[in-house]
$ cat entry.cif   # mmCIF, C-alpha atoms
data_coords
loop_
_atom_site.label_atom_id
_atom_site.label_comp_id
_atom_site.auth_asym_id
_atom_site.auth_seq_id
_atom_site.Cartn_x
_atom_site.Cartn_y
_atom_site.Cartn_z
CA MET T 1 0.00 0.00 0.00
CA ALA T 2 1.18 3.54 -0.71
CA GLU T 3 2.52 5.42 2.27
CA SER T 4 -0.16 7.88 3.41
CA GLY T 5 2.05 10.08 5.58
CA ASN T 6 3.26 9.83 9.14
CA GLY T 7 0.21 11.15 10.98
CA PRO T 8 -1.44 9.15 13.76
CA LEU T 9 -4.01 7.75 11.32
CA SER T 10 -1.42 6.43 8.89
CA GLY T 11 -2.66 3.07 7.58
CA VAL T 12 -6.35 3.92 8.05
CA ARG T 13 -8.27 3.73 4.78
CA VAL T 14 -11.20 6.08 4.24
CA VAL T 15 -13.69 6.25 1.37
CA GLU T 16 -15.39 9.63 0.97
CA LEU T 17 -18.43 9.82 -1.29
CA ALA T 18 -18.07 13.31 -2.75
CA GLY T 19 -20.29 16.07 -1.43
CA ILE T 20 -19.96 19.65 -0.23
CA GLY T 21 -19.53 21.27 3.17
CA PRO T 22 -19.11 19.29 6.38
CA GLY T 23 -18.46 15.86 4.85
CA PRO T 24 -15.40 16.93 2.85
CA PHE T 25 -14.09 18.94 5.82
CA ALA T 26 -14.35 15.90 8.09
CA ALA T 27 -12.55 13.77 5.51
CA MET T 28 -9.86 16.48 5.18
CA LEU T 29 -9.24 16.32 8.92
CA LEU T 30 -8.80 12.55 8.72
CA ALA T 31 -6.48 13.00 5.74
CA ASP T 32 -4.46 15.69 7.54
CA LEU T 33 -3.87 13.18 10.33
CA GLY T 34 -2.46 10.61 7.92
CA ALA T 35 -5.43 8.55 6.72
CA ASP T 36 -5.42 7.38 3.11
CA VAL T 37 -8.60 9.15 1.97
CA VAL T 38 -10.01 8.21 -1.42
CA ARG T 39 -12.63 10.66 -2.59
CA VAL T 40 -15.18 9.13 -4.94
CA ASP T 41 -15.97 11.97 -7.32
CA ARG T 42 -18.77 11.80 -9.84
CA PRO T 43 -18.85 13.05 -13.42
CA GLY T 44 -19.97 16.68 -13.44
CA GLY T 45 -18.74 17.46 -9.93
CA ALA T 46 -20.34 17.54 -6.50
CA GLY T 47 -22.08 20.91 -6.83
CA LEU T 48 -19.51 23.40 -5.52
CA ARG T 49 -18.71 25.27 -8.72
CA ILE T 50 -15.15 26.39 -8.05
CA ASP T 51 -11.84 25.28 -9.50
CA PRO T 52 -10.98 22.04 -7.64
CA ALA T 53 -7.39 23.29 -7.36
CA TYR T 54 -8.58 25.79 -4.73
CA ASP T 55 -10.83 23.47 -2.72
CA ILE T 56 -8.61 23.11 0.34
CA THR T 57 -11.03 20.67 1.95
CA ASN T 58 -9.83 18.14 -0.62
CA ARG T 59 -6.14 18.42 0.28
CA ASN T 60 -4.19 15.31 1.30
CA LYS T 61 -6.73 13.13 -0.52
CA ARG T 62 -6.74 11.12 -3.71
CA SER T 63 -9.61 10.97 -6.17
CA VAL T 64 -11.27 8.37 -8.34
CA LEU T 65 -14.09 9.19 -10.73
CA VAL T 66 -17.14 6.89 -10.51
CA ASP T 67 -20.58 7.11 -12.07
CA LEU T 68 -22.94 5.99 -9.31
CA LYS T 69 -25.83 5.74 -11.77
CA ASP T 70 -23.97 2.92 -13.52
CA PRO T 71 -24.15 -0.55 -11.88
CA ALA T 72 -20.45 -0.95 -12.63
CA GLY T 73 -19.77 2.24 -10.67
CA VAL T 74 -21.77 0.96 -7.70
CA ALA T 75 -19.73 -2.26 -7.79
CA ARG T 76 -16.52 -0.25 -7.65
CA VAL T 77 -17.68 1.66 -4.58
CA LEU T 78 -18.54 -1.61 -2.86
CA ASP T 79 -15.08 -2.91 -3.75
CA LEU T 80 -13.58 0.17 -2.10
CA ALA T 81 -15.82 -0.26 0.95
CA GLU T 82 -14.67 -3.86 1.28
CA ARG T 83 -11.07 -2.68 1.66
CA ALA T 84 -11.76 0.43 3.74
CA ASP T 85 -11.88 1.09 7.46
CA VAL T 86 -14.25 4.06 7.17
CA LEU T 87 -16.78 5.29 4.62
CA ILE T 88 -18.26 8.81 4.76
CA GLU T 89 -21.35 9.97 2.90
CA GLY T 90 -23.44 13.12 3.12
CA TYR T 91 -26.54 12.33 1.07
CA ARG T 92 -30.12 12.88 2.16
CA PRO T 93 -31.55 9.90 4.05
CA GLY T 94 -32.32 6.99 1.72
CA VAL T 95 -30.22 8.16 -1.23
CA ALA T 96 -27.27 5.85 -0.55
CA GLU T 97 -29.70 2.96 -0.11
CA ARG T 98 -31.37 3.70 -3.44
CA LEU T 99 -27.98 3.80 -5.13
CA GLY T 100 -27.12 0.39 -3.66
CA ILE T 101 -24.25 1.65 -1.48
CA GLY T 102 -26.06 2.04 1.83
CA PRO T 103 -24.95 0.59 5.18
CA GLU T 104 -26.56 -2.80 4.59
CA GLU T 105 -24.71 -3.42 1.33
CA CYS T 106 -21.39 -2.03 2.54
CA LEU T 107 -21.39 -3.81 5.91
CA ALA T 108 -22.30 -7.06 4.19
CA ARG T 109 -19.06 -6.74 2.24
CA ASN T 110 -17.04 -5.49 5.23
CA PRO T 111 -18.51 -6.22 8.70
CA ARG T 112 -15.88 -4.04 10.41
CA LEU T 113 -16.55 -0.97 8.29
CA VAL T 114 -17.43 2.29 10.07
CA TYR T 115 -20.16 3.90 7.97
CA GLY T 116 -20.28 7.64 8.74
CA ARG T 117 -23.38 9.57 7.71
CA MET T 118 -23.26 13.39 7.63
CA THR T 119 -26.58 15.25 7.42
CA GLY T 120 -28.12 18.43 8.74
CA TRP T 121 -31.33 17.04 10.23
CA GLY T 122 -30.25 13.44 10.86
CA GLN T 123 -31.48 10.12 9.50
CA HIS T 124 -34.96 10.40 11.00
CA GLY T 125 -37.40 13.02 12.29
CA PRO T 126 -40.00 15.30 10.64
CA LEU T 127 -37.35 17.35 8.81
CA ALA T 128 -35.06 14.49 7.81
CA ASP T 129 -36.09 14.49 4.15
CA THR T 130 -36.12 18.26 3.66
CA ALA T 131 -33.37 20.52 2.36
CA GLY T 132 -31.44 22.70 4.76
CA HIS T 133 -28.33 24.74 5.39
CA ASP T 134 -26.19 25.73 8.34
CA ILE T 135 -28.28 28.77 9.28
CA GLY T 136 -31.42 26.67 9.70
CA TYR T 137 -29.70 23.98 11.72
CA ILE T 138 -28.23 26.42 14.22
CA ALA T 139 -31.50 28.37 14.29
CA ILE T 140 -33.67 25.56 15.67
CA THR T 141 -31.06 24.44 18.23
CA GLY T 142 -30.97 27.84 19.93
CA ALA T 143 -27.36 28.51 18.96
CA LEU T 144 -28.09 31.25 16.43
CA GLY T 145 -30.46 32.97 18.84
CA MET T 146 -27.60 33.48 21.29
CA ILE T 147 -25.35 35.36 18.88
CA GLY T 148 -25.64 39.05 18.10
CA PRO T 149 -26.70 42.34 19.66
CA PRO T 150 -29.78 42.58 21.91
CA ASP T 151 -31.38 45.24 19.72
CA GLY T 152 -30.85 43.63 16.31
CA PRO T 153 -31.12 40.34 14.41
CA PRO T 154 -28.91 37.37 15.27
CA ALA T 155 -25.38 37.56 13.84
CA ILE T 156 -24.57 34.82 11.32
CA PRO T 157 -21.23 33.12 12.19
CA ALA T 158 -20.53 32.03 8.60
CA ASN T 159 -21.02 28.23 8.56
CA LEU T 160 -18.53 27.52 11.33
CA VAL T 161 -20.90 26.69 14.21
CA GLY T 162 -23.21 24.28 12.41
CA ASP T 163 -21.51 22.70 9.41
CA TYR T 164 -18.04 22.41 10.85
CA ALA T 165 -18.24 22.52 14.67
CA GLY T 166 -21.59 20.77 15.09
CA GLY T 167 -21.20 18.63 11.99
CA SER T 168 -17.70 17.77 10.78
CA LEU T 169 -16.02 17.56 14.16
CA TYR T 170 -18.76 15.38 15.63
CA LEU T 171 -18.59 13.09 12.63
CA VAL T 172 -14.83 12.71 13.11
CA ILE T 173 -15.26 12.03 16.84
CA GLY T 174 -17.94 9.44 16.10
CA VAL T 175 -15.97 7.77 13.33
CA LEU T 176 -12.81 7.47 15.43
CA ALA T 177 -14.74 6.12 18.43
CA ALA T 178 -16.49 3.56 16.24
CA LEU T 179 -13.18 2.64 14.61
CA GLN T 180 -11.70 1.97 18.03
CA HIS T 181 -14.62 -0.34 18.80
CA ALA T 182 -14.42 -2.10 15.43
CA ARG T 183 -10.73 -2.85 15.92
CA ALA T 184 -11.15 -4.23 19.43
CA GLU T 185 -11.42 -7.96 19.98
CA GLY T 186 -14.90 -9.05 18.96
CA GLY T 187 -15.67 -5.57 17.64
CA ARG T 188 -17.77 -4.90 14.57
CA GLY T 189 -18.50 -2.00 12.31
CA GLN T 190 -21.50 0.24 12.71
CA VAL T 191 -23.32 3.31 11.39
CA VAL T 192 -22.48 6.75 12.79
CA ASP T 193 -25.42 9.14 12.40
CA ALA T 194 -23.82 12.60 12.68
CA ALA T 195 -26.56 15.22 12.44
CA ILE T 196 -25.59 18.88 12.56
CA VAL T 197 -28.59 19.65 14.76
CA ASP T 198 -27.43 17.08 17.31
CA GLY T 199 -23.83 18.31 17.36
CA THR T 200 -24.79 21.97 17.53
CA ALA T 201 -27.20 21.31 20.39
CA HIS T 202 -24.43 19.39 22.16
CA LEU T 203 -22.16 22.44 21.87
CA THR T 204 -24.60 24.41 24.01
CA ALA T 205 -24.36 21.99 26.97
CA MET T 206 -22.65 24.43 29.33
CA ILE T 207 -25.09 27.21 28.45
CA HIS T 208 -28.06 24.95 29.21
CA GLY T 209 -26.54 24.22 32.61
CA MET T 210 -26.10 27.92 33.31
CA LEU T 211 -29.66 28.56 32.11
CA ALA T 212 -31.06 25.95 34.49
CA ALA T 213 -29.02 27.39 37.37
CA GLY T 214 -30.26 30.91 36.72
CA GLY T 215 -26.86 32.10 35.53
CA TRP T 216 -27.86 32.71 31.91
CA GLN T 217 -30.73 34.75 30.48
CA ASP T 218 -32.47 33.32 27.44
CA ARG T 219 -31.89 36.42 25.32
CA ARG T 220 -29.00 37.95 23.38
CA GLY T 221 -26.52 40.44 24.73
CA ALA T 222 -27.45 39.94 28.39
CA ASN T 223 -24.90 37.40 29.59
CA LEU T 224 -21.29 36.88 30.51
CA LEU T 225 -20.12 35.46 27.19
CA ASP T 226 -22.45 37.05 24.62
CA GLY T 227 -21.47 40.71 24.89
CA GLY T 228 -23.73 41.45 27.81
CA THR T 229 -20.81 42.52 29.98
CA PRO T 230 -18.83 45.63 28.99
CA PHE T 231 -15.54 43.82 29.53
CA TYR T 232 -16.30 40.99 27.08
CA GLY T 233 -16.93 42.35 23.61
CA ALA T 234 -15.50 44.17 20.60
CA TYR T 235 -14.80 47.90 20.41
CA GLU T 236 -14.16 50.12 17.41
CA THR T 237 -10.86 51.97 17.11
CA ALA T 238 -10.02 55.36 15.58
CA ASP T 239 -9.27 53.86 12.16
CA GLY T 240 -12.42 51.73 11.92
CA GLY T 241 -10.77 48.56 13.20
CA TYR T 242 -11.84 46.58 16.25
CA MET T 243 -10.27 45.25 19.42
CA ALA T 244 -11.66 42.15 21.16
CA VAL T 245 -11.82 42.38 24.94
CA GLY T 246 -12.13 39.29 27.15
CA ALA T 247 -11.11 40.62 30.57
CA LEU T 248 -13.45 38.41 32.60
CA GLU T 249 -11.36 37.72 35.70
CA LYS T 250 -10.81 40.68 38.05
CA ARG T 251 -7.02 40.66 37.84
CA PHE T 252 -7.18 40.66 34.06
CA TYR T 253 -9.81 43.39 34.16
CA ASP T 254 -7.67 45.53 36.44
CA GLU T 255 -4.78 45.33 33.99
CA PHE T 256 -7.16 46.04 31.11
CA ILE T 257 -8.53 49.33 32.49
CA ARG T 258 -5.03 50.36 33.63
CA LEU T 259 -3.55 49.91 30.16
CA LEU T 260 -6.66 51.43 28.59
CA GLY T 261 -6.08 54.46 30.78
CA ILE T 262 -9.46 54.74 32.49
CA GLU T 263 -8.79 53.24 35.91
CA ASP T 264 -9.42 56.55 37.67
CA GLU T 265 -12.72 57.30 35.92
CA ALA T 266 -14.29 53.89 35.32
CA PRO T 267 -17.18 52.88 37.59
CA GLY T 268 -16.79 49.68 39.58
CA ARG T 269 -17.09 46.55 37.46
CA ASP T 270 -19.39 44.89 39.99
CA ASP T 271 -21.93 47.73 39.81
CA LEU T 272 -24.32 46.30 37.23
CA ALA T 273 -26.34 49.51 37.20
CA ALA T 274 -23.25 51.36 35.96
CA TRP T 275 -22.37 48.91 33.17
CA GLY T 276 -23.83 51.23 30.56
CA GLU T 277 -21.57 54.03 31.77
CA LEU T 278 -18.59 51.66 31.84
CA ARG T 279 -19.27 50.47 28.30
CA THR T 280 -19.46 54.08 27.10
CA ALA T 281 -16.15 54.94 28.77
CA ILE T 282 -14.40 51.91 27.24
CA ALA T 283 -15.80 52.65 23.79
CA ALA T 284 -14.81 56.31 23.92
CA ARG T 285 -11.26 55.48 24.97
CA PHE T 286 -10.77 52.88 22.21
CA LYS T 287 -11.85 55.50 19.64
CA THR T 288 -8.84 57.66 20.52
CA ARG T 289 -6.23 55.36 18.92
CA THR T 290 -5.89 53.06 15.93
CA ARG T 291 -6.09 49.30 16.08
CA GLU T 292 -2.33 49.04 15.57
CA GLU T 293 -1.66 51.46 18.40
CA TRP T 294 -3.92 49.60 20.80
CA THR T 295 -2.37 46.30 19.76
CA ALA T 296 1.01 47.66 20.83
CA VAL T 297 -0.42 48.90 24.14
CA PHE T 298 -1.80 45.49 25.08
CA ALA T 299 1.02 43.40 23.58
CA GLU T 300 2.24 40.61 25.89
CA SER T 301 -0.08 41.72 28.70
CA ASP T 302 -2.61 39.71 30.67
CA ALA T 303 -5.40 42.14 29.82
CA CYS T 304 -6.92 39.59 27.39
CA VAL T 305 -7.23 42.06 24.53
CA ALA T 306 -6.54 41.20 20.88
CA PRO T 307 -6.97 42.89 17.51
CA VAL T 308 -9.82 41.63 15.33
CA LEU T 309 -8.03 40.51 12.17
CA SER T 310 -9.33 39.64 8.74
CA LEU T 311 -8.74 36.28 7.07
CA ARG T 312 -5.90 37.75 5.00
CA GLU T 313 -4.31 39.44 8.02
CA ALA T 314 -4.43 36.45 10.37
CA PRO T 315 -1.50 34.43 8.93
CA ASP T 316 0.86 37.36 9.58
CA HIS T 317 0.04 37.71 13.28
CA PRO T 318 3.37 37.20 15.11
CA HIS T 319 2.06 34.45 17.38
CA LEU T 320 0.42 32.47 14.59
CA ALA T 321 3.47 32.96 12.37
CA ALA T 322 5.78 31.69 15.12
CA ARG T 323 3.65 28.57 15.62
CA GLY T 324 3.16 27.92 11.92
CA THR T 325 -0.60 27.97 12.37
CA PHE T 326 -0.92 28.77 8.68
CA ALA T 327 1.14 27.32 5.86
CA ASP T 328 1.77 28.06 2.20
CA HIS T 329 1.26 24.93 0.14
CA GLY T 330 0.74 24.67 -3.58
CA GLY T 331 0.52 28.44 -3.84
CA ILE T 332 -2.36 28.67 -1.33
CA THR T 333 -2.10 30.10 2.18
CA GLN T 334 -4.15 27.79 4.39
CA PRO T 335 -4.52 26.56 7.96
CA ALA T 336 -1.95 23.92 8.86
CA PRO T 337 -3.13 20.52 10.17
CA ALA T 338 -4.44 20.54 13.74
CA PRO T 339 -4.16 19.38 16.45
CA ARG T 340 -0.45 18.65 16.82
CA PHE T 341 1.21 15.39 17.79
CA SER T 342 4.69 14.98 19.28
CA ARG T 343 5.48 11.66 17.58
CA THR T 344 3.17 11.45 14.57
CA PRO T 345 2.56 14.97 13.25
CA GLY T 346 0.03 15.59 10.52
CA THR T 347 1.44 17.04 7.32
CA LEU T 348 0.42 18.82 4.14
CA ARG T 349 1.32 16.11 1.66
CA TRP T 350 -0.77 16.80 -1.41
CA PRO T 351 -2.68 19.74 -2.89
CA PRO T 352 -6.47 19.47 -3.42
CA ALA T 353 -7.31 16.30 -5.30
CA GLN T 354 -8.30 16.69 -8.93
CA PRO T 355 -11.39 14.60 -9.80
CA GLY T 356 -10.29 11.21 -11.09
CA ALA T 357 -6.60 12.10 -11.28
CA ASP T 358 -5.45 9.31 -8.94
CA THR T 359 -7.49 6.44 -10.32
CA ALA T 360 -4.57 4.33 -11.52
CA ASP T 361 -2.64 4.69 -8.26
CA ILE T 362 -5.70 3.87 -6.15
CA ALA T 363 -6.51 0.84 -8.31
CA ARG T 364 -2.99 -0.43 -7.70
CA ASP T 365 -2.69 0.44 -4.00
CA TRP T 366 -6.13 -0.83 -3.00
CA ARG T 367 -5.88 -3.81 -5.38
CA ILE T 368 -9.05 -2.99 -7.31
CA PRO T 369 -8.11 -3.31 -11.00
CA GLY T 370 -11.66 -2.52 -12.10
CA LEU T 371 -11.30 1.09 -10.92
CA ALA T 372 -9.04 1.81 -13.86
CA ALA T 373 -11.96 1.17 -16.21
CA GLY T 374 -14.01 4.04 -14.76
CA PRO T 375 -14.87 7.39 -16.39
CA ALA T 376 -12.01 9.59 -17.57
CA PRO T 377 -10.86 12.47 -15.33
CA THR T 378 -12.78 15.70 -15.82
CA GLU T 379 -11.30 19.06 -16.67
CA PRO T 380 -10.97 21.47 -13.71
CA GLN T 381 -13.93 23.83 -13.44
CA GLU T 382 -13.33 27.57 -13.57
CA ALA T 383 -14.18 29.56 -10.48
CA GLY T 384 -17.75 30.76 -10.65
CA SER T 385 -18.60 28.64 -13.69
#
$ encode --input "entry.cif" --output "structure tokens"
Amino acid sequence: MAESGNGPLSGVRVVELAGIGPGPFAAMLLADLGADVVRVDRPGGAGLRIDPAYDITNRNKRSVLVDLKDPAGVARVLDLAERADVLIEGYRPGVAERLGIGPEECLARNPRLVYGRMTGWGQHGPLADTAGHDIGYIAITGALGMIGPPDGPPAIPANLVGDYAGGSLYLVIGVLAALQHARAEGGRGQVVDAAIVDGTAHLTAMIHGMLAAGGWQDRRGANLLDGGTPFYGAYETADGGYMAVGALEKRFYDEFIRLLGIEDEAPGRDDLAAWGELRTAIAARFKTRTREEWTAVFAESDACVAPVLSLREAPDHPHLAARGTFADHGGITQPAPAPRFSRTPGTLRWPPAQPGADTADIARDWRIPGLAAGPAPTEPQEAGS
């Protein structure tokens, strides 16, 4: 078998049935950690109309092109499943079964296979068969309702909270736990139902505990961690930038107002009735200097203050640069693999997989000669086409 890198998952074989969003991201994480991930692309693409060369979620993977509407293509997927440790799919409930590559067929070929299913609503429930996107998933779980100002609509956190935190990461956790069970003595494979609504709800566990204890109000902008406190929020600077303040503990707060220069005029932090006045004083002071100037003021302090950076600015932050949090690979600046391992580090081995480009190598390495008879590789799609 081809060496798949020296990450902790080296030697683990994963089949990813091509999709968009949380499924590919989960498979990327497994690939970053050393798994040999074979992405089963389909003629015409998976729906994300960008040049595959820029789809970072397909890095460290290899691709084979298979027509799942052709019985021969279905047979090839089952051959891959027979030799895999994990299979990931993100279709609507029942689609994989109708194609003939559902859990029953795959587990019949490989009883120790971990069959990971990534959906928004889950495999059952009133909404299971309906379309959806991140914003809807986090809306019904209460997560979206917590984010944003008290006097405006909820703030949309891109698709990070639902698709990736509540979806991809929970799928990876579930797959690895099931893989551990499957590899134990007497263990068998199983289906992992990773629903974004379940994972996102799970992320709010601490908040539900605080709500039950009376330590959290069920409304935006009124709590410790949602901008309700004047010493946990973002403030505009003189040049239109922002500084993020997280001075929750008193000793950090004391250093914050000292460096901000308002310790003699700020009302007591424990006087809730004066929080409006305190917020006004903090905001006014931040408006007197630029973001860069305030960054220098709070540098290397315990005031828990940081500049709010853009995506393009973040890789150049001195701390992230020193840690190598971002890397340049294949001409693309991108987040490096995470988390880190002392003995088996994840690596950036390959650029985003081109649909069907690795068919011959996969056919050889996985000992499935029939793969080589599949559809020809497709031409890369232009961005926005």
$ residues_near_point --input "entry.cif" --point "(-12.8, 0.4, -13.7)" --cutoff "12 Å" --atoms "all atoms listed in the file" --output "JSON, numbers by chain"
{"T": [64, 65, 66, 67, 70, 71, 72, 73, 74, 75, 76, 77, 79, 80, 356, 359, 360, 362, 363, 364, 367, 368, 369, 370, 371, 372, 373, 374, 375, 376]}
$ residues_around --input "entry.cif" --residues "Pro8 of chain T" --least-positions-apart "3" --cutoff "8 Å" --atoms "all atoms listed in the file" --output "list in words"
Leu33, Gly34, Phe341, Thr344, Pro345 and Gly346 of chain T
$ residues_near_point --input "entry.cif" --point "(-21.3, 20.2, 16.3)" --cutoff "8 Å" --atoms "all atoms listed in the file" --output "number ranges by chain"
T: 161-170, 196-203
$ resolve_selection --input "entry.cif" --expression "the PyMOL selection byres ((chain T and resi 283) around 12)" --output "ChimeraX atom specification"
/T:230-231,233-238,242-245,257,260,262,266,276-282,284-289
$ write_last_selection --input "entry.cif" --atoms "C-alpha atoms" --output "CSV table (one decimal), in the frame of the given file"
chain,number,residue,atom,x,y,z
T,230,PRO,CA,-18.8,45.6,29.0
T,231,PHE,CA,-15.5,43.8,29.5
T,233,GLY,CA,-16.9,42.4,23.6
T,234,ALA,CA,-15.5,44.2,20.6
T,235,TYR,CA,-14.8,47.9,20.4
T,236,GLU,CA,-14.2,50.1,17.4
T,237,THR,CA,-10.9,52.0,17.1
T,238,ALA,CA,-10.0,55.4,15.6
T,242,TYR,CA,-11.8,46.6,16.2
T,243,MET,CA,-10.3,45.2,19.4
T,244,ALA,CA,-11.7,42.2,21.2
T,245,VAL,CA,-11.8,42.4,24.9
T,257,ILE,CA,-8.5,49.3,32.5
T,260,LEU,CA,-6.7,51.4,28.6
T,262,ILE,CA,-9.5,54.7,32.5
T,266,ALA,CA,-14.3,53.9,35.3
T,276,GLY,CA,-23.8,51.2,30.6
T,277,GLU,CA,-21.6,54.0,31.8
T,278,LEU,CA,-18.6,51.7,31.8
T,279,ARG,CA,-19.3,50.5,28.3
T,280,THR,CA,-19.5,54.1,27.1
T,281,ALA,CA,-16.2,54.9,28.8
T,282,ILE,CA,-14.4,51.9,27.2
T,284,ALA,CA,-14.8,56.3,23.9
T,285,ARG,CA,-11.3,55.5,25.0
T,286,PHE,CA,-10.8,52.9,22.2
T,287,LYS,CA,-11.8,55.5,19.6
T,288,THR,CA,-8.8,57.7,20.5
T,289,ARG,CA,-6.2,55.4,18.9
$ resolve_selection --input "entry.cif" --expression "the PyMOL selection byres ((chain T and resi 104) around 12)" --output "JSON, numbers by chain"
{"T": [78, 81, 94, 96, 97, 98, 99, 100, 101, 102, 103, 105, 106, 107, 108, 109, 110, 111, 113, 114, 115, 189, 190, 191]}
$ write_last_selection --input "entry.cif" --atoms "C-alpha atoms" --output "PDB file, in the frame of the given file"
ATOM      1  CA  LEU T  78     -18.540  -1.610  -2.860  1.00  0.00           C
ATOM      2  CA  ALA T  81     -15.820  -0.260   0.950  1.00  0.00           C
ATOM      3  CA  GLY T  94     -32.320   6.990   1.720  1.00  0.00           C
ATOM      4  CA  ALA T  96     -27.270   5.850  -0.550  1.00  0.00           C
ATOM      5  CA  GLU T  97     -29.700   2.960  -0.110  1.00  0.00           C
ATOM      6  CA  ARG T  98     -31.370   3.700  -3.440  1.00  0.00           C
ATOM      7  CA  LEU T  99     -27.980   3.800  -5.130  1.00  0.00           C
ATOM      8  CA  GLY T 100     -27.120   0.390  -3.660  1.00  0.00           C
ATOM      9  CA  ILE T 101     -24.250   1.650  -1.480  1.00  0.00           C
ATOM     10  CA  GLY T 102     -26.060   2.040   1.830  1.00  0.00           C
ATOM     11  CA  PRO T 103     -24.950   0.590   5.180  1.00  0.00           C
ATOM     12  CA  GLU T 105     -24.710  -3.420   1.330  1.00  0.00           C
ATOM     13  CA  CYS T 106     -21.390  -2.030   2.540  1.00  0.00           C
ATOM     14  CA  LEU T 107     -21.390  -3.810   5.910  1.00  0.00           C
ATOM     15  CA  ALA T 108     -22.300  -7.060   4.190  1.00  0.00           C
ATOM     16  CA  ARG T 109     -19.060  -6.740   2.240  1.00  0.00           C
ATOM     17  CA  ASN T 110     -17.040  -5.490   5.230  1.00  0.00           C
ATOM     18  CA  PRO T 111     -18.510  -6.220   8.700  1.00  0.00           C
ATOM     19  CA  LEU T 113     -16.550  -0.970   8.290  1.00  0.00           C
ATOM     20  CA  VAL T 114     -17.430   2.290  10.070  1.00  0.00           C
ATOM     21  CA  TYR T 115     -20.160   3.900   7.970  1.00  0.00           C
ATOM     22  CA  GLY T 189     -18.500  -2.000  12.310  1.00  0.00           C
ATOM     23  CA  GLN T 190     -21.500   0.240  12.710  1.00  0.00           C
ATOM     24  CA  VAL T 191     -23.320   3.310  11.390  1.00  0.00           C
TER      25      VAL T 191
END
$ atom_distance --input "entry.cif" --atom1 "atom CA of Leu30 of chain T" --atom2 "atom CA of Arg340 of chain T"
13.1 Å
$ atom_distance --input "entry.cif" --atom1 "atom CA of Met210 of chain T" --atom2 "atom CA of Pro339 of chain T"
29.0 Å
$ atom_distance --input "entry.cif" --atom1 "atom CA of Trp216 of chain T" --atom2 "atom CA of Pro149 of chain T"
15.6 Å
$ closest_residue --input "entry.cif" --among "T:Lys250, T:Asn159, T:His124, T:Leu171" --to "Gly136 of chain T" --atoms "all atoms listed in the file"
T:Asn159
$ resolve_selection --input "entry.cif" --expression "the PyMOL selection byres ((chain T and resi 298-300) around 12)" --output "PyMOL selection string"
chain T and resi 243-245+247+252+255-261+286+291-297+301-307+317-319
$ closest_residue --input "entry.cif" --among "T:Leu160, T:Leu320, T:Ala128, T:Ala178" --to "Gly21 of chain T" --atoms "all atoms listed in the file"
T:Leu160
$ residues_around --input "entry.cif" --residues "Gly122 of chain T" --least-positions-apart "2" --cutoff "10 Å" --atoms "all atoms listed in the file" --output "PyMOL selection string"
chain T and resi 92-93+117-120+124-129+193-198
